[in-house]
file run28.cif (mmCIF, C-alpha atoms (C1' of nucleotides))
data_entry
loop_
_atom_site.label_atom_id
_atom_site.label_comp_id
_atom_site.auth_asym_id
_atom_site.auth_seq_id
_atom_site.Cartn_x
_atom_site.Cartn_y
_atom_site.Cartn_z
CA MET A 1310 -0.55 6.42 1.98
CA PRO A 1311 0.11 8.27 -1.24
CA GLU A 1312 -2.43 7.76 -4.01
CA LEU A 1313 -2.68 9.56 -7.32
CA PRO A 1314 -3.34 13.07 -5.93
CA GLU A 1315 -0.49 12.83 -3.41
CA VAL A 1316 1.91 11.46 -6.01
CA GLU A 1317 0.91 14.25 -8.40
CA THR A 1318 1.61 16.80 -5.66
CA VAL A 1319 5.01 15.24 -4.99
CA ARG A 1320 5.75 15.33 -8.72
CA ARG A 1321 5.00 19.05 -9.02
CA THR A 1322 6.90 19.95 -5.88
CA LEU A 1323 9.94 17.87 -6.76
CA LYS A 1324 10.04 19.22 -10.28
CA ASN A 1325 10.38 22.74 -8.91
CA LEU A 1326 13.18 21.64 -6.63
CA ILE A 1327 15.45 19.42 -8.71
CA LEU A 1328 14.81 20.07 -12.42
CA ASN A 1329 18.05 20.47 -14.38
CA GLN A 1330 20.17 19.31 -11.47
CA LYS A 1331 22.74 16.63 -12.06
CA ILE A 1332 22.96 13.52 -9.91
CA ARG A 1333 26.57 13.60 -8.71
CA ASP A 1334 26.31 10.36 -6.79
CA ILE A 1335 23.85 8.04 -5.08
CA SER A 1336 24.13 6.31 -1.69
CA ILE A 1337 21.98 3.27 -1.08
CA ARG A 1338 21.70 2.04 2.50
CA TYR A 1339 18.93 -0.51 1.96
CA ASP A 1340 19.30 -2.50 -1.26
CA ARG A 1341 15.81 -3.95 -1.47
CA ILE A 1342 14.30 -0.59 -2.36
CA ILE A 1343 15.98 -1.04 -5.74
CA ASP A 1344 14.31 -3.43 -8.16
CA GLY A 1345 17.42 -4.78 -9.91
CA ASP A 1346 21.12 -4.35 -9.25
CA PRO A 1347 21.81 -1.41 -6.89
CA ALA A 1348 25.37 -0.97 -8.20
CA LEU A 1349 24.07 -0.74 -11.77
CA PHE A 1350 21.40 1.76 -10.63
CA ILE A 1351 24.11 3.99 -9.19
CA GLU A 1352 26.57 3.61 -12.08
CA THR A 1353 23.95 4.27 -14.74
CA LEU A 1354 22.34 7.32 -13.17
CA LYS A 1355 25.49 8.99 -11.89
CA GLY A 1356 26.32 12.04 -13.99
CA GLN A 1357 22.90 12.29 -15.62
CA THR A 1358 20.71 15.38 -15.26
CA VAL A 1359 17.04 15.47 -14.25
CA ARG A 1360 15.14 16.59 -17.36
CA ASP A 1361 11.58 16.03 -16.28
CA ILE A 1362 9.48 14.31 -13.64
CA GLY A 1363 6.37 12.49 -14.80
CA ARG A 1364 3.66 10.43 -13.20
CA ARG A 1365 1.66 7.42 -14.29
CA GLY A 1366 -0.93 6.15 -11.84
CA LYS A 1367 0.83 6.14 -8.49
CA TYR A 1368 4.29 5.91 -10.06
CA LEU A 1369 6.73 8.79 -10.31
CA ILE A 1370 9.05 8.79 -13.31
CA PHE A 1371 12.33 10.67 -13.08
CA PHE A 1372 13.47 11.36 -16.65
CA LEU A 1373 17.21 11.86 -17.01
CA ASP A 1374 19.41 12.36 -20.07
CA LYS A 1375 19.38 8.79 -21.27
CA ASN A 1376 17.71 6.76 -18.57
CA ALA A 1377 14.79 7.13 -16.23
CA PHE A 1378 13.91 5.61 -12.92
CA ILE A 1379 10.44 4.70 -11.82
CA SER A 1380 9.59 5.22 -8.16
CA HIS A 1381 6.63 3.86 -6.23
CA LEU A 1382 6.13 5.25 -2.72
CA ARG A 1383 3.76 2.46 -1.63
CA MET A 1384 2.50 3.21 1.88
CA GLU A 1385 4.95 5.62 3.40
CA GLY A 1386 7.63 6.64 0.91
CA LYS A 1387 8.63 10.31 0.95
CA TYR A 1388 11.24 12.45 -0.77
CA LEU A 1389 13.05 14.98 1.37
CA PHE A 1390 15.06 17.89 -0.06
CA VAL A 1391 17.72 18.74 2.50
CA THR A 1392 21.19 20.15 3.04
CA PRO A 1393 23.98 17.57 3.45
CA GLY A 1394 24.45 18.71 7.04
CA GLN A 1395 21.02 17.47 8.01
CA ALA A 1396 21.42 14.45 10.31
CA LEU A 1397 20.57 11.18 8.64
CA ASN A 1398 17.35 9.61 9.85
CA LYS A 1399 17.28 5.82 10.16
CA HIS A 1400 14.42 5.61 7.65
CA GLU A 1401 16.30 7.54 4.95
CA HIS A 1402 17.42 4.65 2.75
CA ILE A 1403 18.68 6.40 -0.38
CA THR A 1404 20.43 9.72 -0.95
CA PHE A 1405 20.79 11.43 -4.32
CA HIS A 1406 23.66 13.89 -4.14
CA LEU A 1407 22.78 16.78 -6.44
CA SER A 1408 24.99 19.16 -8.42
CA GLU A 1409 23.92 22.31 -6.58
CA GLY A 1410 24.93 20.89 -3.20
CA MET A 1411 21.56 19.76 -1.91
CA GLU A 1412 20.47 16.18 -1.29
CA LEU A 1413 17.30 14.37 -2.26
CA ARG A 1414 16.67 11.67 0.32
CA TYR A 1415 14.20 8.83 0.07
CA HIS A 1416 12.52 8.14 3.40
CA ASP A 1417 10.37 5.04 3.88
CA THR A 1418 9.44 3.76 7.33
CA ARG A 1419 8.10 0.42 6.15
CA LYS A 1420 10.59 -0.08 3.31
CA PHE A 1421 7.81 -1.05 0.91
CA GLY A 1422 8.65 1.50 -1.79
CA ARG A 1423 10.54 0.50 -4.92
CA MET A 1424 12.70 2.18 -7.58
CA LYS A 1425 13.45 0.70 -10.96
CA LEU A 1426 15.96 1.75 -13.60
CA THR A 1427 14.80 1.92 -17.24
CA GLU A 1428 15.63 3.53 -20.57
CA ALA A 1429 14.08 7.00 -20.76
CA ASP A 1430 12.44 6.46 -24.14
CA ALA A 1431 11.10 2.99 -23.36
CA CYS A 1432 9.94 3.37 -19.80
CA TYR A 1433 6.26 2.91 -20.62
CA LEU A 1434 6.88 -0.29 -22.60
CA ALA A 1435 8.00 -2.49 -19.71
CA ALA A 1436 6.55 -3.56 -16.39
CA PRO A 1437 5.26 -2.03 -14.24
CA LEU A 1438 4.00 0.87 -16.36
CA CYS A 1439 2.91 -1.23 -19.34
CA ASN A 1440 0.38 -3.08 -17.20
CA LEU A 1441 -1.47 0.00 -16.00
CA GLY A 1442 -4.96 0.92 -17.08
CA PRO A 1443 -5.70 4.46 -18.28
CA GLU A 1444 -5.44 7.56 -16.15
CA PRO A 1445 -8.96 8.36 -14.86
CA TRP A 1446 -9.20 11.43 -17.13
CA LEU A 1447 -8.39 9.36 -20.22
CA ALA A 1448 -10.51 6.32 -19.39
CA LYS A 1449 -13.45 5.52 -21.65
CA ALA A 1450 -16.59 4.36 -19.87
CA ASP A 1451 -17.26 1.69 -22.48
CA ASP A 1452 -13.80 0.15 -22.02
CA ILE A 1453 -14.16 0.13 -18.23
CA TYR A 1454 -17.63 -1.37 -18.53
CA GLN A 1455 -16.24 -4.18 -20.68
CA ARG A 1456 -13.64 -4.91 -18.01
CA ILE A 1457 -16.05 -5.08 -15.08
CA HIS A 1458 -19.52 -6.06 -16.22
CA LYS A 1459 -18.94 -9.81 -16.11
CA SER A 1460 -17.01 -9.81 -12.85
CA SER A 1461 -18.24 -11.09 -9.52
CA ILE A 1462 -15.61 -9.00 -7.74
CA PRO A 1463 -16.83 -6.10 -5.55
CA LEU A 1464 -16.81 -2.71 -7.25
CA LYS A 1465 -14.52 -1.29 -4.57
CA THR A 1466 -11.97 -4.02 -5.27
CA LEU A 1467 -12.22 -3.39 -9.01
CA LEU A 1468 -11.47 0.29 -8.36
CA LEU A 1469 -8.23 -0.77 -6.68
CA ASP A 1470 -7.18 -2.87 -9.69
CA GLN A 1471 -4.50 -0.74 -11.34
CA THR A 1472 -4.88 -2.56 -14.66
CA ILE A 1473 -8.46 -1.27 -14.99
CA ILE A 1474 -7.92 2.35 -13.92
CA ALA A 1475 -4.57 3.65 -12.68
CA GLY A 1476 -4.04 5.64 -9.51
CA ILE A 1477 -6.97 4.85 -7.21
CA GLY A 1478 -6.06 3.55 -3.75
CA ASN A 1479 -8.07 2.49 -0.74
CA ILE A 1480 -9.07 5.98 0.43
CA TYR A 1481 -10.40 7.19 -2.91
CA ALA A 1482 -12.04 3.86 -3.71
CA ASN A 1483 -14.11 4.30 -0.54
CA GLU A 1484 -14.89 7.92 -1.40
CA ILE A 1485 -15.92 7.10 -4.97
CA CYS A 1486 -18.36 4.45 -3.76
CA PHE A 1487 -19.86 6.94 -1.33
CA ARG A 1488 -20.23 9.58 -4.03
CA MET A 1489 -22.05 7.00 -6.15
CA ARG A 1490 -24.21 6.03 -3.17
CA ILE A 1491 -23.37 2.45 -3.92
CA ASN A 1492 -22.47 -0.40 -1.60
CA PRO A 1493 -18.74 -1.11 -2.13
CA GLU A 1494 -19.46 -4.85 -2.23
CA THR A 1495 -21.74 -4.58 -5.24
CA PRO A 1496 -20.28 -6.98 -7.81
CA GLY A 1497 -19.03 -5.57 -11.10
CA SER A 1498 -21.73 -7.51 -12.90
CA ARG A 1499 -24.41 -5.33 -11.30
CA ILE A 1500 -22.88 -2.07 -12.59
CA SER A 1501 -24.64 -0.71 -15.65
CA ARG A 1502 -23.01 1.22 -18.46
CA LYS A 1503 -24.61 4.39 -17.12
CA ARG A 1504 -23.33 3.69 -13.61
CA THR A 1505 -19.86 3.07 -15.03
CA GLN A 1506 -19.94 6.53 -16.56
CA GLU A 1507 -21.07 7.97 -13.22
CA MET A 1508 -18.25 6.14 -11.49
CA LEU A 1509 -15.69 7.71 -13.81
CA GLU A 1510 -17.16 11.16 -13.27
CA ALA A 1511 -17.05 10.65 -9.50
CA ALA A 1512 -13.44 9.46 -9.67
CA LYS A 1513 -12.30 12.44 -11.75
CA ASP A 1514 -14.18 14.92 -9.54
CA ILE A 1515 -12.79 13.55 -6.30
CA LEU A 1516 -9.23 13.17 -7.58
CA ASP A 1517 -9.26 16.68 -9.09
CA ALA A 1518 -10.44 18.15 -5.80
CA ALA A 1519 -7.80 16.22 -3.88
CA ILE A 1520 -5.03 17.43 -6.19
CA VAL A 1521 -6.14 21.02 -5.59
CA GLN A 1522 -6.08 20.45 -1.83
CA GLY A 1523 -2.65 18.84 -1.95
CA GLY A 1524 -1.32 21.62 -4.11
CA THR A 1525 -2.46 24.41 -1.83
CA THR A 1526 -0.92 22.98 1.31
CA ILE A 1527 2.50 21.94 0.15
CA HIS A 1528 4.99 24.70 0.71
CA SER A 1529 8.12 22.77 1.48
CA PHE A 1530 9.61 19.40 2.19
CA ASP A 1531 10.51 18.78 5.76
CA ALA A 1532 10.72 15.96 8.24
CA ASN A 1533 6.99 15.57 7.96
CA GLY A 1534 7.22 15.01 4.23
CA ILE A 1535 4.18 15.64 2.11
CA SER A 1536 0.75 16.05 3.54
CA GLY A 1537 -2.30 17.55 1.96
CA LEU A 1538 -5.57 18.86 3.31
CA PHE A 1539 -7.75 16.27 1.61
CA GLN A 1540 -8.38 14.59 4.96
CA SER A 1541 -10.86 17.34 5.79
CA GLU A 1542 -12.83 16.53 2.65
CA LEU A 1543 -13.28 12.85 3.32
CA GLN A 1544 -16.90 11.74 3.53
CA VAL A 1545 -16.62 8.12 4.65
CA HIS A 1546 -13.02 6.93 4.84
CA MET A 1547 -12.11 6.71 8.55
CA GLN A 1548 -15.27 8.62 9.42
CA LYS A 1549 -17.61 7.90 12.32
CA ALA A 1550 -20.96 9.15 10.97
CA CYS A 1551 -22.45 9.59 7.53
CA PRO A 1552 -22.37 13.29 6.55
CA VAL A 1553 -25.72 12.87 4.77
CA CYS A 1554 -27.91 10.91 7.22
CA GLY A 1555 -25.82 10.71 10.38
CA THR A 1556 -25.89 6.93 10.52
CA GLU A 1557 -22.82 5.25 11.95
CA ILE A 1558 -20.35 4.35 9.20
CA THR A 1559 -19.80 0.62 8.74
CA LYS A 1560 -16.23 -0.62 8.63
CA LYS A 1561 -15.44 -4.05 7.31
CA ALA A 1562 -12.79 -5.85 5.33
CA VAL A 1563 -13.56 -6.30 1.63
CA HIS A 1564 -10.99 -8.54 -0.06
CA GLY A 1565 -8.77 -7.87 2.94
CA ARG A 1566 -8.91 -4.07 2.70
CA GLY A 1567 -10.45 -1.69 5.22
CA THR A 1568 -13.71 -0.52 3.70
CA TYR A 1569 -15.99 2.26 4.98
CA PHE A 1570 -19.53 2.92 3.87
CA CYS A 1571 -22.91 4.20 5.02
CA PRO A 1572 -25.30 1.23 5.36
CA ILE A 1573 -28.29 3.51 4.68
CA CYS A 1574 -27.11 5.75 1.83
CA GLN A 1575 -25.05 3.18 -0.06
CA LYS A 1576 -27.30 0.49 -1.48
"C1'" DA B 771 -5.99 -16.92 -18.14
"C1'" DC B 772 -7.97 -16.08 -13.99
"C1'" DG B 773 -8.87 -15.68 -9.03
"C1'" DT B 774 -7.01 -16.12 -4.38
"C1'" DC B 775 -3.64 -16.03 -0.97
"C1'" DC B 776 0.84 -14.87 0.80
"C1'" DT B 777 4.86 -11.79 1.34
"C1'" DC B 778 7.24 -7.71 2.28
"C1'" DC B 779 8.02 -4.13 6.72
"C1'" DT B 780 7.54 -1.45 11.09
"C1'" DG B 781 4.87 1.70 14.01
"C1'" DT B 782 0.70 1.59 16.39
"C1'" DT B 783 -3.03 -0.44 18.79
"C1'" DC B 784 -5.04 -3.95 21.44
"C1'" DG B 785 -5.57 -7.66 24.86
"C1'" DC B 786 -4.09 -10.30 28.69
"C1'" DT C 429 2.56 -1.86 33.75
"C1'" DG C 430 4.63 -4.42 30.24
"C1'" DC C 431 4.96 -7.23 26.58
"C1'" DG C 432 3.74 -9.87 22.72
"C1'" DA C 433 0.29 -10.43 19.06
"C1'" DA C 434 -2.53 -8.51 15.69
"C1'" DC C 435 -3.12 -5.15 12.32
"C1'" DA C 436 -2.51 -1.96 8.34
"C1'" DG C 437 -1.71 -2.08 3.24
"C1'" DG C 438 0.05 -1.80 -2.88
"C1'" DA C 439 1.88 -4.63 -5.79
"C1'" DG C 440 3.95 -8.72 -7.30
"C1'" DG C 441 4.67 -13.53 -7.11
"C1'" DA C 442 3.15 -18.24 -6.10
"C1'" DC C 443 -0.28 -21.37 -6.41
"C1'" DG C 444 -4.43 -23.90 -7.81
#
call {"tool": "encode", "arguments": {"input": "run28.cif", "output": "structure tokens"}}
result
Amino acid sequence: MPELPEVETVRRTLKNLILNQKIRDISIRYDRIIDGDPALFIETLKGQTVRDIGRRGKYLIFFLDKNAFISHLRMEGKYLFVTPGQALNKHEHITFHLSEGMELRYHDTRKFGRMKLTEADACYLAAPLCNLGPEPWLAKADDIYQRIHKSSIPLKTLLLDQTIIAGIGNIYANEICFRMRINPETPGSRISRKRTQEMLEAAKDILDAAIVQGGTTIHSFDANGISGLFQSELQVHMQKACPVCGTEITKKAVHGRGTYFCPICQK
DNA sequence: ACGTCCTCCTGTTCGC
DNA sequence: TGCGAACAGGAGGACG
């Protein structure tokens, strides 16, 4: 499930592959991926050239001449860069036919991903991007503290709230809580200003390290899509034993999300 | 305005 | 063994 580091890795890889290529045409085989009118999506983007690829939180932003489209991979979305001869997989819902003969295909097993057309120069002003909190590296501890210190919601759930900080998903929320040695169910109201600062530092550290891992392992796009090495760095998420004290990791649902923590180290 | 619950999907895992 | 049910999960919408 792509979170900020995976999306950043996809952004960098895709930029190397399709920058300055023109979209000759688009084929859409599953309409619901498109937020809005699929025919308008095709008509508007056809003939425009990819000028940049950006990222905001977990969203990719494809900047074209006049328009942009915002892409969220949700759980399983992947972009594949393939030759037209490559047999079409049943999960490849959208094909961008590019000027240099290659195809960019959007693959999404669960069909949860979404793409939305916008104006290039106003893409940040409308939903969904306008609702996002700051990137972790730009977040100010005081602002975050103001958002969480009166809340009864568990810290781990607050970390998943994209309007507070953008880009953190379930895996990294678990890892951040472990780094802080804090119980993920601790309500926001019990987080001090100092702890908020520590939380931000932990988030930036962990995300930075994950981006480095993703970047070193991605050499190409293939049927397996993007996968990084960050799995080997995980301390609690999907782990059996605590790497610090060896205690069995507790797994339980917090606000409906799979949550992993060490019952001894995380108080 | 805020918190909570439901929905969207399909591959995988689990239980009978 | 086989098959159906439960489960996973990010974001947005409905609802109270």
call {"tool": "closest_atom_pairs", "arguments": {"input": "run28.cif", "of": "chain A", "to": "chain B", "cutoff": "8 Å", "atoms": "all atoms listed in the file", "output": "Markdown table"}}
result
| residue | atom | partner | partner_atom | distance |
| --- | --- | --- | --- | --- |
| A:Thr1418 | CA | B:DT780 | C1' | 6.7 |
| A:Arg1419 | CA | B:DC779 | C1' | 4.6 |
| A:Lys1420 | CA | B:DC779 | C1' | 5.9 |
| A:Phe1421 | CA | B:DC779 | C1' | 6.6 |
call {"tool": "interface_residues", "arguments": {"input": "run28.cif", "of": "chain A", "to": "chain C", "cutoff": "8 Å", "atoms": "all atoms listed in the file", "output": "list of chain:residue names"}}
result
A:Arg1383, A:Met1384, A:Arg1566
call {"tool": "resolve_selection", "arguments": {"input": "run28.cif", "expression": "the PyMOL selection byres ((chain A and resi 1393) around 9)", "output": "compact mmCIF listing (two decimals) with C-alpha atoms, in the coordinates of the input"}}
result
# COMPACT_ATOMS: atom_id res chain seq x y z
CA VAL A 1391 17.72 18.74 2.50
CA THR A 1392 21.19 20.15 3.04
CA GLY A 1394 24.45 18.71 7.04
CA GLN A 1395 21.02 17.47 8.01
CA ALA A 1396 21.42 14.45 10.31
CA LEU A 1397 20.57 11.18 8.64
CA HIS A 1406 23.66 13.89 -4.14
CA GLY A 1410 24.93 20.89 -3.20
CA MET A 1411 21.56 19.76 -1.91
CA GLU A 1412 20.47 16.18 -1.29
call {"tool": "atom_distance", "arguments": {"input": "run28.cif", "atom1": "CA of His1402 in chain A", "atom2": "CA of Leu1469 in chain A"}}
result
27.9 Å
call {"tool": "resolve_selection", "arguments": {"input": "run28.cif", "expression": "the PyMOL selection byres ((chain A and resi 1388) around 6)", "output": "ChimeraX atom specification"}}
result
/A:1387,1389,1414-1415
call {"tool": "resolve_selection", "arguments": {"input": "run28.cif", "expression": "the PyMOL selection byres ((chain A and resi 1336-1344) around 8)", "output": "ChimeraX atom specification"}}
result
/A:1334-1335,1345-1347,1350-1351,1402-1406,1420-1426
call {"tool": "residues_around", "arguments": {"input": "run28.cif", "residues": "range 1317-1333 of chain A", "least_positions_apart": "2", "cutoff": "7 Å", "atoms": "all atoms listed in the file", "output": "ChimeraX atom specification"}}
result
/A:1313-1315,1355-1364,1369,1405-1409,1520,1523-1524
call {"tool": "build_atoms", "arguments": {"input": "run28.cif", "residues": "range 1325-1353 of chain A", "atoms": "N, CA and C atoms", "output": "short mmCIF file (atom, residue, chain, number, x, y, z; two decimals), in the coordinates of the input"}}
result
data_model
loop_
_atom_site.label_atom_id
_atom_site.label_comp_id
_atom_site.auth_asym_id
_atom_site.auth_seq_id
_atom_site.Cartn_x
_atom_site.Cartn_y
_atom_site.Cartn_z
N ASN A 1325 9.91 21.40 -9.22
CA ASN A 1325 10.38 22.74 -8.91
C ASN A 1325 11.73 22.73 -8.20
N LEU A 1326 11.98 21.66 -7.45
CA LEU A 1326 13.18 21.64 -6.63
C LEU A 1326 14.42 21.10 -7.34
N ILE A 1327 14.24 20.10 -8.20
CA ILE A 1327 15.45 19.42 -8.71
C ILE A 1327 15.60 19.40 -10.23
N LEU A 1328 14.69 20.08 -10.96
CA LEU A 1328 14.81 20.07 -12.42
C LEU A 1328 16.14 20.68 -12.85
N ASN A 1329 16.77 20.03 -13.82
CA ASN A 1329 18.05 20.47 -14.38
C ASN A 1329 19.24 20.32 -13.43
N GLN A 1330 19.02 19.60 -12.34
CA GLN A 1330 20.17 19.31 -11.47
C GLN A 1330 20.74 17.95 -11.84
N LYS A 1331 22.06 17.88 -11.74
CA LYS A 1331 22.74 16.63 -12.06
C LYS A 1331 22.87 15.76 -10.82
N ILE A 1332 22.72 14.46 -11.02
CA ILE A 1332 22.96 13.52 -9.91
C ILE A 1332 24.47 13.25 -9.86
N ARG A 1333 25.11 13.78 -8.84
CA ARG A 1333 26.57 13.60 -8.71
C ARG A 1333 26.88 12.18 -8.26
N ASP A 1334 26.08 11.70 -7.33
CA ASP A 1334 26.31 10.36 -6.79
C ASP A 1334 25.04 9.89 -6.07
N ILE A 1335 25.00 8.60 -5.79
CA ILE A 1335 23.85 8.04 -5.08
C ILE A 1335 24.36 7.12 -3.98
N SER A 1336 23.80 7.24 -2.78
CA SER A 1336 24.13 6.31 -1.69
C SER A 1336 22.89 5.47 -1.39
N ILE A 1337 23.10 4.18 -1.37
CA ILE A 1337 21.98 3.27 -1.08
C ILE A 1337 22.30 2.52 0.20
N ARG A 1338 21.46 2.68 1.21
CA ARG A 1338 21.70 2.04 2.50
C ARG A 1338 20.81 0.82 2.71
N TYR A 1339 19.80 0.67 1.87
CA TYR A 1339 18.93 -0.51 1.96
C TYR A 1339 18.64 -0.98 0.53
N ASP A 1340 19.31 -2.06 0.15
CA ASP A 1340 19.30 -2.50 -1.26
C ASP A 1340 17.93 -2.85 -1.81
N ARG A 1341 17.06 -3.39 -0.95
CA ARG A 1341 15.81 -3.95 -1.47
C ARG A 1341 14.84 -2.91 -2.03
N ILE A 1342 15.12 -1.64 -1.75
CA ILE A 1342 14.30 -0.59 -2.36
C ILE A 1342 14.49 -0.62 -3.88
N ILE A 1343 15.67 -1.02 -4.31
CA ILE A 1343 15.98 -1.04 -5.74
C ILE A 1343 15.56 -2.36 -6.36
N ASP A 1344 14.71 -2.27 -7.38
CA ASP A 1344 14.31 -3.43 -8.16
C ASP A 1344 15.38 -3.63 -9.23
N GLY A 1345 16.28 -4.59 -9.01
CA GLY A 1345 17.42 -4.78 -9.91
C GLY A 1345 18.71 -4.61 -9.12
N ASP A 1346 19.80 -4.43 -9.86
CA ASP A 1346 21.12 -4.35 -9.25
C ASP A 1346 21.41 -2.93 -8.76
N PRO A 1347 21.56 -2.75 -7.44
CA PRO A 1347 21.81 -1.41 -6.89
C PRO A 1347 23.06 -0.74 -7.46
N ALA A 1348 24.12 -1.54 -7.67
CA ALA A 1348 25.37 -0.97 -8.20
C ALA A 1348 25.15 -0.44 -9.62
N LEU A 1349 24.38 -1.17 -10.41
CA LEU A 1349 24.07 -0.74 -11.77
C LEU A 1349 23.20 0.53 -11.75
N PHE A 1350 22.27 0.58 -10.81
CA PHE A 1350 21.40 1.76 -10.63
C PHE A 1350 22.26 3.00 -10.40
N ILE A 1351 23.24 2.86 -9.51
CA ILE A 1351 24.11 3.99 -9.19
C ILE A 1351 24.98 4.36 -10.40
N GLU A 1352 25.64 3.36 -10.97
CA GLU A 1352 26.57 3.61 -12.08
C GLU A 1352 25.88 4.26 -13.27
N THR A 1353 24.67 3.78 -13.56
CA THR A 1353 23.95 4.27 -14.74
C THR A 1353 23.46 5.70 -14.56
#
